[in-house]
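Structure file structure27.pdb; described as PDB, C-alpha atoms, pLDDT in the B column.
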```
ATOM      1  CA  MET T 525     104.995 103.850 175.689  1.00 91.00           C
ATOM      2  CA  GLU T 526     103.210 102.468 178.709  1.00 95.00           C
ATOM      3  CA  LEU T 527      99.767 101.022 179.377  1.00 96.00           C
ATOM      4  CA  LYS T 528      97.920 102.388 182.397  1.00 97.00           C
ATOM      5  CA  LEU T 529      94.886 100.516 183.751  1.00 97.00           C
ATOM      6  CA  LEU T 530      92.156 103.030 184.550  1.00 98.00           C
ATOM      7  CA  ASN T 531      89.802 102.997 187.517  1.00 98.00           C
ATOM      8  CA  LYS T 532      86.064 103.593 187.156  1.00 97.00           C
ATOM      9  CA  GLU T 533      86.267 107.353 187.590  1.00 98.00           C
ATOM     10  CA  GLU T 534      89.029 107.615 184.999  1.00 97.00           C
ATOM     11  CA  LEU T 535      87.107 105.417 182.542  1.00 98.00           C
ATOM     12  CA  THR T 536      84.034 107.606 183.013  1.00 97.00           C
ATOM     13  CA  ALA T 537      86.034 110.725 182.151  1.00 97.00           C
ATOM     14  CA  LEU T 538      87.604 109.031 179.103  1.00 96.00           C
ATOM     15  CA  TYR T 539      84.202 107.871 177.887  1.00 96.00           C
ATOM     16  CA  GLN T 540      82.696 111.341 178.167  1.00 95.00           C
ATOM     17  CA  ASP T 541      85.686 113.274 176.811  1.00 94.00           C
ATOM     18  CA  GLU T 542      86.951 111.026 174.007  1.00 93.00           C
ATOM     19  CA  ILE T 543      84.888 107.942 173.185  1.00 94.00           C
ATOM     20  CA  LEU T 544      81.575 109.760 172.726  1.00 93.00           C
ATOM     21  CA  GLU T 545      83.315 111.959 170.152  1.00 92.00           C
ATOM     22  CA  ASP T 546      85.276 109.221 168.389  1.00 90.00           C
ATOM     23  CA  PHE T 547      82.590 106.592 167.709  1.00 87.00           C
ATOM     24  CA  PRO T 548      79.168 106.673 166.045  1.00 82.00           C
ATOM     25  CA  HIS T 549      76.245 106.420 168.431  1.00 80.00           C
ATOM     26  CA  SER T 550      75.159 103.109 166.877  1.00 75.00           C
ATOM     27  CA  GLU T 551      78.424 101.482 168.018  1.00 79.00           C
ATOM     28  CA  LEU T 552      78.532 102.856 171.555  1.00 85.00           C
ATOM     29  CA  LYS T 553      77.946 100.559 174.491  1.00 87.00           C
ATOM     30  CA  PRO T 554      76.504 102.163 177.640  1.00 89.00           C
ATOM     31  CA  LEU T 555      79.110 103.259 180.165  1.00 93.00           C
ATOM     32  CA  LYS T 556      77.236 101.329 182.867  1.00 92.00           C
ATOM     33  CA  ALA T 557      77.851  98.099 180.966  1.00 90.00           C
ATOM     34  CA  MET T 558      81.599  98.772 180.875  1.00 94.00           C
ATOM     35  CA  LEU T 559      81.634  99.465 184.611  1.00 95.00           C
ATOM     36  CA  ARG T 560      79.704  96.254 185.242  1.00 93.00           C
ATOM     37  CA  LEU T 561      82.253  94.278 183.219  1.00 94.00           C
ATOM     38  CA  MET T 562      85.015  95.843 185.305  1.00 96.00           C
ATOM     39  CA  ASP T 563      83.284  94.518 188.431  1.00 95.00           C
ATOM     40  CA  LEU T 564      83.342  91.055 186.853  1.00 94.00           C
ATOM     41  CA  GLY T 565      87.068  91.287 186.082  1.00 95.00           C
ATOM     42  CA  ARG T 566      86.284  91.137 182.364  1.00 96.00           C
ATOM     43  CA  TYR T 567      87.222  94.646 181.222  1.00 97.00           C
ATOM     44  CA  ASP T 568      90.560  96.450 180.995  1.00 98.00           C
ATOM     45  CA  PRO T 569      90.206 100.171 180.194  1.00 98.00           C
ATOM     46  CA  LEU T 570      93.715 101.261 179.253  1.00 98.00           C
ATOM     47  CA  LEU T 571      95.237 104.691 178.774  1.00 97.00           C
ATOM     48  CA  ILE T 572      98.398 104.718 176.689  1.00 97.00           C
ATOM     49  CA  THR T 573     101.033 107.245 177.693  1.00 96.00           C
ATOM     50  CA  GLU T 574     104.378 108.295 176.266  1.00 92.00           C
ATOM     51  CA  GLY T 575     106.758 110.351 178.356  1.00 91.00           C
ATOM     52  CA  GLY T 576     104.003 110.594 180.942  1.00 91.00           C
ATOM     53  CA  GLN T 577     101.559 112.192 178.481  1.00 93.00           C
ATOM     54  CA  PRO T 578      98.376 110.482 177.209  1.00 95.00           C
ATOM     55  CA  VAL T 579      98.476 109.521 173.533  1.00 96.00           C
ATOM     56  CA  GLY T 580      95.639 107.013 173.178  1.00 96.00           C
ATOM     57  CA  TYR T 581      93.317 104.486 174.751  1.00 97.00           C
ATOM     58  CA  ALA T 582      92.156 100.903 174.332  1.00 98.00           C
ATOM     59  CA  LEU T 583      89.145  99.298 175.989  1.00 98.00           C
ATOM     60  CA  MET T 584      89.616  95.536 176.187  1.00 98.00           C
ATOM     61  CA  TRP T 585      86.799  93.044 176.775  1.00 97.00           C
ATOM     62  CA  LEU T 586      88.458  89.931 178.183  1.00 96.00           C
ATOM     63  CA  ALA T 587      87.571  86.311 177.584  1.00 92.00           C
ATOM     64  CA  LYS T 588      86.322  84.744 180.797  1.00 90.00           C
ATOM     65  CA  ASP T 589      89.493  82.652 181.140  1.00 91.00           C
ATOM     66  CA  HIS T 590      91.628  85.644 180.005  1.00 91.00           C
ATOM     67  CA  SER T 591      92.914  83.621 177.035  1.00 91.00           C
ATOM     68  CA  GLY T 592      92.397  86.552 174.685  1.00 92.00           C
ATOM     69  CA  ALA T 593      90.900  90.020 174.483  1.00 96.00           C
ATOM     70  CA  LEU T 594      88.452  91.822 172.242  1.00 97.00           C
ATOM     71  CA  LEU T 595      89.728  95.260 171.239  1.00 97.00           C
ATOM     72  CA  GLU T 596      86.370  96.927 171.700  1.00 95.00           C
ATOM     73  CA  TYR T 597      87.290 100.623 171.467  1.00 95.00           C
ATOM     74  CA  PHE T 598      90.659 101.950 170.346  1.00 94.00           C
ATOM     75  CA  GLY T 599      91.836 105.414 169.492  1.00 93.00           C
ATOM     76  CA  VAL T 600      94.698 107.874 169.338  1.00 93.00           C
ATOM     77  CA  LEU T 601      93.886 111.218 170.923  1.00 92.00           C
ATOM     78  CA  ARG T 602      92.862 114.066 168.668  1.00 82.00           C
ATOM     79  CA  GLY T 603      95.836 116.125 167.544  1.00 79.00           C
ATOM     80  CA  LEU T 604      98.219 113.160 167.778  1.00 77.00           C
ATOM     81  CA  ARG T 605      96.926 111.001 164.943  1.00 78.00           C
ATOM     82  CA  ASN T 606      98.809 109.893 161.817  1.00 74.00           C
ATOM     83  CA  ALA T 607     102.128 109.866 163.678  1.00 77.00           C
ATOM     84  CA  GLY T 608     102.599 106.112 164.118  1.00 85.00           C
ATOM     85  CA  HIS T 609     101.142 105.890 167.619  1.00 92.00           C
ATOM     86  CA  GLY T 610      98.443 103.397 166.599  1.00 93.00           C
ATOM     87  CA  THR T 611     100.977 100.848 165.385  1.00 95.00           C
ATOM     88  CA  LYS T 612     102.970 101.072 168.613  1.00 95.00           C
ATOM     89  CA  ILE T 613      99.846 100.748 170.743  1.00 96.00           C
ATOM     90  CA  LEU T 614      98.651  97.623 168.927  1.00 97.00           C
ATOM     91  CA  GLU T 615     102.041  96.011 169.444  1.00 97.00           C
ATOM     92  CA  LEU T 616     101.891  96.734 173.181  1.00 97.00           C
ATOM     93  CA  LEU T 617      98.400  95.256 173.363  1.00 97.00           C
ATOM     94  CA  PHE T 618      99.481  92.116 171.543  1.00 97.00           C
ATOM     95  CA  GLN T 619     102.414  91.677 173.904  1.00 96.00           C
ATOM     96  CA  ARG T 620     100.062  92.030 176.890  1.00 96.00           C
ATOM     97  CA  TYR T 621      97.221  89.738 175.766  1.00 96.00           C
ATOM     98  CA  GLY T 622      98.768  87.235 173.350  1.00 95.00           C
ATOM     99  CA  GLN T 623      95.799  87.186 171.012  1.00 96.00           C
ATOM    100  CA  LEU T 624      93.503  89.987 169.977  1.00 97.00           C
ATOM    101  CA  PHE T 625      90.082  90.075 168.344  1.00 95.00           C
ATOM    102  CA  GLY T 626      88.830  93.063 166.462  1.00 95.00           C
ATOM    103  CA  GLU T 627      85.614  94.156 164.749  1.00 96.00           C
ATOM    104  CA  ALA T 628      85.696  96.765 161.989  1.00 94.00           C
ATOM    105  CA  GLU T 629      82.508  97.999 160.388  1.00 92.00           C
ATOM    106  CA  ALA T 630      82.064  96.220 157.049  1.00 93.00           C
ATOM    107  CA  PRO T 631      82.322  98.276 153.832  1.00 92.00           C
ATOM    108  CA  CYS T 632      78.700  97.642 152.808  1.00 86.00           C
ATOM    109  CA  SER T 633      77.352 101.185 152.806  1.00 75.00           C
ATOM    110  CA  HIS T 634      75.604 102.774 149.830  1.00 83.00           C
ATOM    111  CA  ASP T 635      78.003 105.695 150.292  1.00 88.00           C
ATOM    112  CA  PRO T 636      81.361 105.041 148.539  1.00 91.00           C
ATOM    113  CA  ASP T 637      83.167 107.545 150.733  1.00 90.00           C
ATOM    114  CA  ILE T 638      82.075 105.677 153.870  1.00 87.00           C
ATOM    115  CA  ASN T 639      83.142 102.376 152.327  1.00 91.00           C
ATOM    116  CA  GLN T 640      86.554 103.813 151.479  1.00 94.00           C
ATOM    117  CA  LEU T 641      87.016 104.952 155.075  1.00 91.00           C
ATOM    118  CA  ARG T 642      86.035 101.514 156.378  1.00 93.00           C
ATOM    119  CA  GLN T 643      88.408  99.800 153.944  1.00 95.00           C
ATOM    120  CA  ARG T 644      91.262 102.042 155.070  1.00 95.00           C
ATOM    121  CA  ARG T 645      90.529 101.136 158.683  1.00 93.00           C
ATOM    122  CA  ILE T 646      90.620  97.406 157.898  1.00 97.00           C
ATOM    123  CA  ALA T 647      93.842  97.860 155.912  1.00 97.00           C
ATOM    124  CA  PHE T 648      95.409  99.579 158.928  1.00 96.00           C
ATOM    125  CA  TYR T 649      94.741  96.515 161.067  1.00 96.00           C
ATOM    126  CA  GLU T 650      96.077  94.200 158.356  1.00 97.00           C
ATOM    127  CA  ARG T 651      99.308  96.213 158.202  1.00 96.00           C
ATOM    128  CA  ASN T 652      99.605  95.673 161.936  1.00 96.00           C
ATOM    129  CA  GLY T 653      99.464  91.897 161.984  1.00 97.00           C
ATOM    130  CA  PHE T 654      95.704  91.256 161.977  1.00 98.00           C
ATOM    131  CA  ARG T 655      94.001  89.078 159.420  1.00 97.00           C
ATOM    132  CA  VAL T 656      90.421  89.298 158.226  1.00 98.00           C
ATOM    133  CA  LEU T 657      88.596  86.157 159.328  1.00 98.00           C
ATOM    134  CA  ASP T 658      86.340  84.126 157.056  1.00 97.00           C
ATOM    135  CA  TYR T 659      83.173  85.162 158.885  1.00 97.00           C
ATOM    136  CA  GLN T 660      81.401  88.403 159.701  1.00 97.00           C
ATOM    137  CA  CYS T 661      79.236  89.303 162.669  1.00 97.00           C
ATOM    138  CA  ALA T 662      76.382  91.678 163.350  1.00 95.00           C
ATOM    139  CA  LEU T 663      76.123  93.359 166.734  1.00 92.00           C
ATOM    140  CA  PHE T 664      73.007  95.324 167.613  1.00 89.00           C
ATOM    141  CA  GLY T 665      72.129  95.685 163.936  1.00 89.00           C
ATOM    142  CA  VAL T 666      75.589  96.746 162.675  1.00 89.00           C
ATOM    143  CA  ARG T 667      77.601  94.479 160.339  1.00 93.00           C
ATOM    144  CA  PHE T 668      81.305  93.998 161.073  1.00 95.00           C
ATOM    145  CA  ASN T 669      84.283  92.280 159.509  1.00 97.00           C
ATOM    146  CA  CYS T 670      86.029  90.173 162.135  1.00 98.00           C
ATOM    147  CA  LEU T 671      89.776  90.504 162.670  1.00 98.00           C
ATOM    148  CA  TYR T 672      92.337  88.492 164.595  1.00 98.00           C
ATOM    149  CA  ARG T 673      95.972  88.742 165.606  1.00 98.00           C
ATOM    150  CA  GLY T 674      97.477  85.753 167.360  1.00 97.00           C
ATOM    151  CA  PRO T 675      98.900  82.259 167.000  1.00 97.00           C
ATOM    152  CA  GLU T 676      95.692  80.399 166.098  1.00 97.00           C
ATOM    153  CA  GLY T 677      95.327  79.629 162.396  1.00 96.00           C
ATOM    154  CA  ASP T 678      91.971  77.825 162.499  1.00 98.00           C
ATOM    155  CA  ASP T 679      89.173  80.343 161.978  1.00 97.00           C
ATOM    156  CA  ARG T 680      86.628  78.006 163.606  1.00 97.00           C
ATOM    157  CA  LYS T 681      88.628  77.983 166.840  1.00 96.00           C
ATOM    158  CA  VAL T 682      89.010  81.750 166.681  1.00 96.00           C
ATOM    159  CA  GLU T 683      85.280  82.100 166.028  1.00 97.00           C
ATOM    160  CA  ALA T 684      84.445  79.949 169.055  1.00 96.00           C
ATOM    161  CA  LEU T 685      86.596  82.039 171.381  1.00 94.00           C
ATOM    162  CA  HIS T 686      85.347  85.287 169.844  1.00 95.00           C
ATOM    163  CA  ARG T 687      81.735  84.208 170.370  1.00 96.00           C
ATOM    164  CA  SER T 688      82.452  83.118 173.939  1.00 94.00           C
ATOM    165  CA  VAL T 689      83.390  86.678 174.913  1.00 94.00           C
ATOM    166  CA  TYR T 690      79.754  87.621 174.325  1.00 94.00           C
ATOM    167  CA  ALA T 691      78.069  84.317 175.232  1.00 94.00           C
ATOM    168  CA  GLU T 692      79.703  84.193 178.663  1.00 92.00           C
ATOM    169  CA  TYR T 693      78.172  87.577 179.465  1.00 90.00           C
ATOM    170  CA  PHE T 694      74.838  87.874 177.650  1.00 90.00           C
ATOM    171  CA  SER T 695      71.874  85.619 178.381  1.00 89.00           C
ATOM    172  CA  PRO T 696      70.866  83.159 175.599  1.00 91.00           C
ATOM    173  CA  ALA T 697      67.806  85.325 174.889  1.00 88.00           C
ATOM    174  CA  HIS T 698      69.933  88.433 174.489  1.00 88.00           C
ATOM    175  CA  MET T 699      72.449  86.565 172.323  1.00 91.00           C
ATOM    176  CA  ALA T 700      69.619  85.511 170.016  1.00 89.00           C
ATOM    177  CA  ARG T 701      68.229  89.034 169.857  1.00 89.00           C
ATOM    178  CA  TYR T 702      71.336  91.191 169.582  1.00 90.00           C
ATOM    179  CA  ILE T 703      74.409  89.111 168.595  1.00 93.00           C
ATOM    180  CA  GLN T 704      74.785  87.386 165.221  1.00 95.00           C
ATOM    181  CA  LEU T 705      78.180  85.719 165.483  1.00 97.00           C
ATOM    182  CA  PRO T 706      78.907  84.294 163.061  1.00 97.00           C
ATOM    183  CA  LEU T 707      76.731  85.981 160.487  1.00 96.00           C
ATOM    184  CA  ARG T 708      76.059  83.455 157.727  1.00 93.00           C
ATOM    185  CA  PRO T 709      76.773  84.652 154.158  1.00 89.00           C
ATOM    186  CA  ASP T 710      73.041  84.560 153.268  1.00 91.00           C
ATOM    187  CA  GLU T 711      71.809  85.869 156.620  1.00 94.00           C
ATOM    188  CA  ALA T 712      70.260  89.312 156.875  1.00 94.00           C
ATOM    189  CA  VAL T 713      71.314  91.614 159.684  1.00 94.00           C
ATOM    190  CA  LYS T 714      68.507  91.755 162.218  1.00 90.00           C
ATOM    191  CA  PRO T 715      67.163  95.216 162.910  1.00 85.00           C
ATOM    192  CA  ALA T 716      68.045  95.810 166.533  1.00 71.00           C
ATOM    193  CA  PRO T 717      68.177  98.568 169.092  1.00 65.00           C
ATOM    194  CA  GLU T 718      71.501 100.194 169.727  1.00 59.00           C
ATOM    195  CA  TRP T 719      73.665  99.222 172.707  1.00 59.00           C
ATOM    196  CA  VAL T 720      70.746  99.776 175.043  1.00 58.00           C
ATOM    197  CA  GLU T 721      71.033  99.268 178.777  1.00 53.00           C
ATOM    198  CA  GLU T 722      68.248  96.673 178.703  1.00 55.00           C
ATOM    199  CA  ALA T 723      70.518  94.282 176.836  1.00 55.00           C
ATOM    200  CA  TYR T 724      72.959  93.936 179.703  1.00 56.00           C
ATOM    201  CA  PRO T 725      72.365  91.681 182.697  1.00 54.00           C
TER
END
```

Show this structure as structure tokens.
Amino acid sequence: MELKLLNKEELTALYQDEILEDFPHSELKPLKAMLRLMDLGRYDPLLITEGGQPVGYALMWLAKDHSGALLEYFGVLRGLRNAGHGTKILELLFQRYGQLFGEAEAPCSHDPDINQLRQRRIAFYERNGFRVLDYQCALFGVRFNCLYRGPEGDDRKVEALHRSVYAEYFSPAHMARYIQLPLRPDEAVKPAPEWVEEAYP
């Protein structure tokens, strides 16, 4: 397997052809925001190939000092899933970035089937070297469990770096409005707009 860094045109095609289909609307960041992050050197849109053929993708939001990366969107292409590609891709990403952050929607739905799906997703990451951190976050009104794979064992240090990915991009006002990281155990998730363009500088 190989990782291919995409240009803006290739990211745009991936977003329209795959990501819009793979993720709920409430979790989708505007394409313009991704392109803006690319201009800042803070975003790696990666296509994963095997034998020259695409098998998956990973969109990585980089810490400002490139000391770690947030796995923002990750998927295996339709028709190729459940064949072990996801495990191989995560290993390649870990080798490239050294430490990875992840956010998986928390199993807090009133629908048990949705919760089961979310739990399976978290278990997949745990099988692949991630651990569930001792804090949650809420992004644009959606609650997430926070995940980490890397050498750091202190959750407070991980939390600080995780938060910095957002805080070094969003204004303080936008952080207060849209990003609850960490989300305190007794803190309610703020109703918020989705990943609207207004939120991005």

Exercise for review: Using only C-alpha atoms, find the one residue out of T:Leu571, T:Val656, T:Val713, T:Ala662 that sits nearest to Tyr539 of chain T.
Suggested key: T:Leu571

Review point. Could you tell me, as a ChimeraX atom specification, which residues have any atom at most 12 Å from (90.7, 102.5, 176.0), counting all atoms listed in the file?
Key: /T:527-531,534-539,541-543,546,558,567-573,578-585,594-601,613-614,617

**Study point:** Residues in the PyMOL selection byres ((chain T and resi 629) around 7), expressed as a list in words
**Key:**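 For this structure, the PyMOL selection byres ((chain T and resi 629) around 7) captures Glu627, Ala628, Ala630, Pro631, Arg642, Arg667, Phe668 and Asn669 of chain T.
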
Exercise for review: Counting only C-alpha atoms, figure out which residue out of T:Gln704, T:Gly592, T:Ala587, T:Arg655 gets nearest to Asp678 of chain T.
Suggested key: T:Arg655

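When the distance limit is 10 Å and only C-alpha atoms are what count, the residues near Pro675 of chain T, minus those fewer than 5 positions from it on the same chain, are T:Gly622, T:Gln623, T:Leu624, T:Val682.
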
**Study point:** Selection under test: the PyMOL selection byres ((chain T and resi 684-700) around 9); residues as an MDAnalysis selection string
**Key:** chainID T and resid 561 585:588 591:594 625 679:683 701:706 723:725

Requested write-out: C-alpha atoms of the selected residues, as a PDB file, in the coordinates of the input:
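Listed below is the output, selection.pdb:
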```pdb
ATOM      1  CA  LEU T 561      82.253  94.278 183.219  1.00 94.00           C
ATOM      2  CA  TRP T 585      86.799  93.044 176.775  1.00 97.00           C
ATOM      3  CA  LEU T 586      88.458  89.931 178.183  1.00 96.00           C
ATOM      4  CA  ALA T 587      87.571  86.311 177.584  1.00 92.00           C
ATOM      5  CA  LYS T 588      86.322  84.744 180.797  1.00 90.00           C
ATOM      6  CA  SER T 591      92.914  83.621 177.035  1.00 91.00           C
ATOM      7  CA  GLY T 592      92.397  86.552 174.685  1.00 92.00           C
ATOM      8  CA  ALA T 593      90.900  90.020 174.483  1.00 96.00           C
ATOM      9  CA  LEU T 594      88.452  91.822 172.242  1.00 97.00           C
ATOM     10  CA  PHE T 625      90.082  90.075 168.344  1.00 95.00           C
ATOM     11  CA  ASP T 679      89.173  80.343 161.978  1.00 97.00           C
ATOM     12  CA  ARG T 680      86.628  78.006 163.606  1.00 97.00           C
ATOM     13  CA  LYS T 681      88.628  77.983 166.840  1.00 96.00           C
ATOM     14  CA  VAL T 682      89.010  81.750 166.681  1.00 96.00           C
ATOM     15  CA  GLU T 683      85.280  82.100 166.028  1.00 97.00           C
ATOM     16  CA  ARG T 701      68.229  89.034 169.857  1.00 89.00           C
ATOM     17  CA  TYR T 702      71.336  91.191 169.582  1.00 90.00           C
ATOM     18  CA  ILE T 703      74.409  89.111 168.595  1.00 93.00           C
ATOM     19  CA  GLN T 704      74.785  87.386 165.221  1.00 95.00           C
ATOM     20  CA  LEU T 705      78.180  85.719 165.483  1.00 97.00           C
ATOM     21  CA  PRO T 706      78.907  84.294 163.061  1.00 97.00           C
ATOM     22  CA  ALA T 723      70.518  94.282 176.836  1.00 55.00           C
ATOM     23  CA  TYR T 724      72.959  93.936 179.703  1.00 56.00           C
ATOM     24  CA  PRO T 725      72.365  91.681 182.697  1.00 54.00           C
TER      25      PRO T 725
END
```

Review point. Can you tell me how far atom CA of Gln660 of chain T sits from atom CA of Cys632 of chain T, in Å to one decimal?
Key: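 If I compute the distance from atom CA of Gln660 of chain T to atom CA of Cys632 of chain T, I get 11.8 Å.
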
Review point. With only C-alpha atoms as the atoms that count, which of T:Arg620, T:His634, T:Arg645, T:Lys714 lies nearest to Cys661 of chain T?
Key: T:Lys714

Check your understanding: T:Phe547, T:Phe664, T:Phe648, T:Tyr659: which is nearest Asn606 of chain T, counting all atoms listed in the file?
Key -> T:Phe648

Check your understanding: Looking at T:Leu604, T:Leu552, T:Leu663, T:Leu671, which one is nearest to Pro715 of chain T, with distances taken over all atoms listed in the file?
Key ->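 Among the listed residues, the smallest separation from Pro715 of chain T belongs to T:Leu663.
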
Exercise for review: To one decimal in Å, tell me the separation between atom CA of Leu544 of chain T and atom CA of Ala716 of chain T.
Suggested key: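 According to the coordinates, atom CA of Leu544 of chain T and atom CA of Ala716 of chain T are separated by 20.4 Å.
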
**Study point:** Interatomic distance, atom CA of Met525 of chain T to atom CA of Arg673 of chain T (Å, one decimal)
**Key:** 20.3 Å
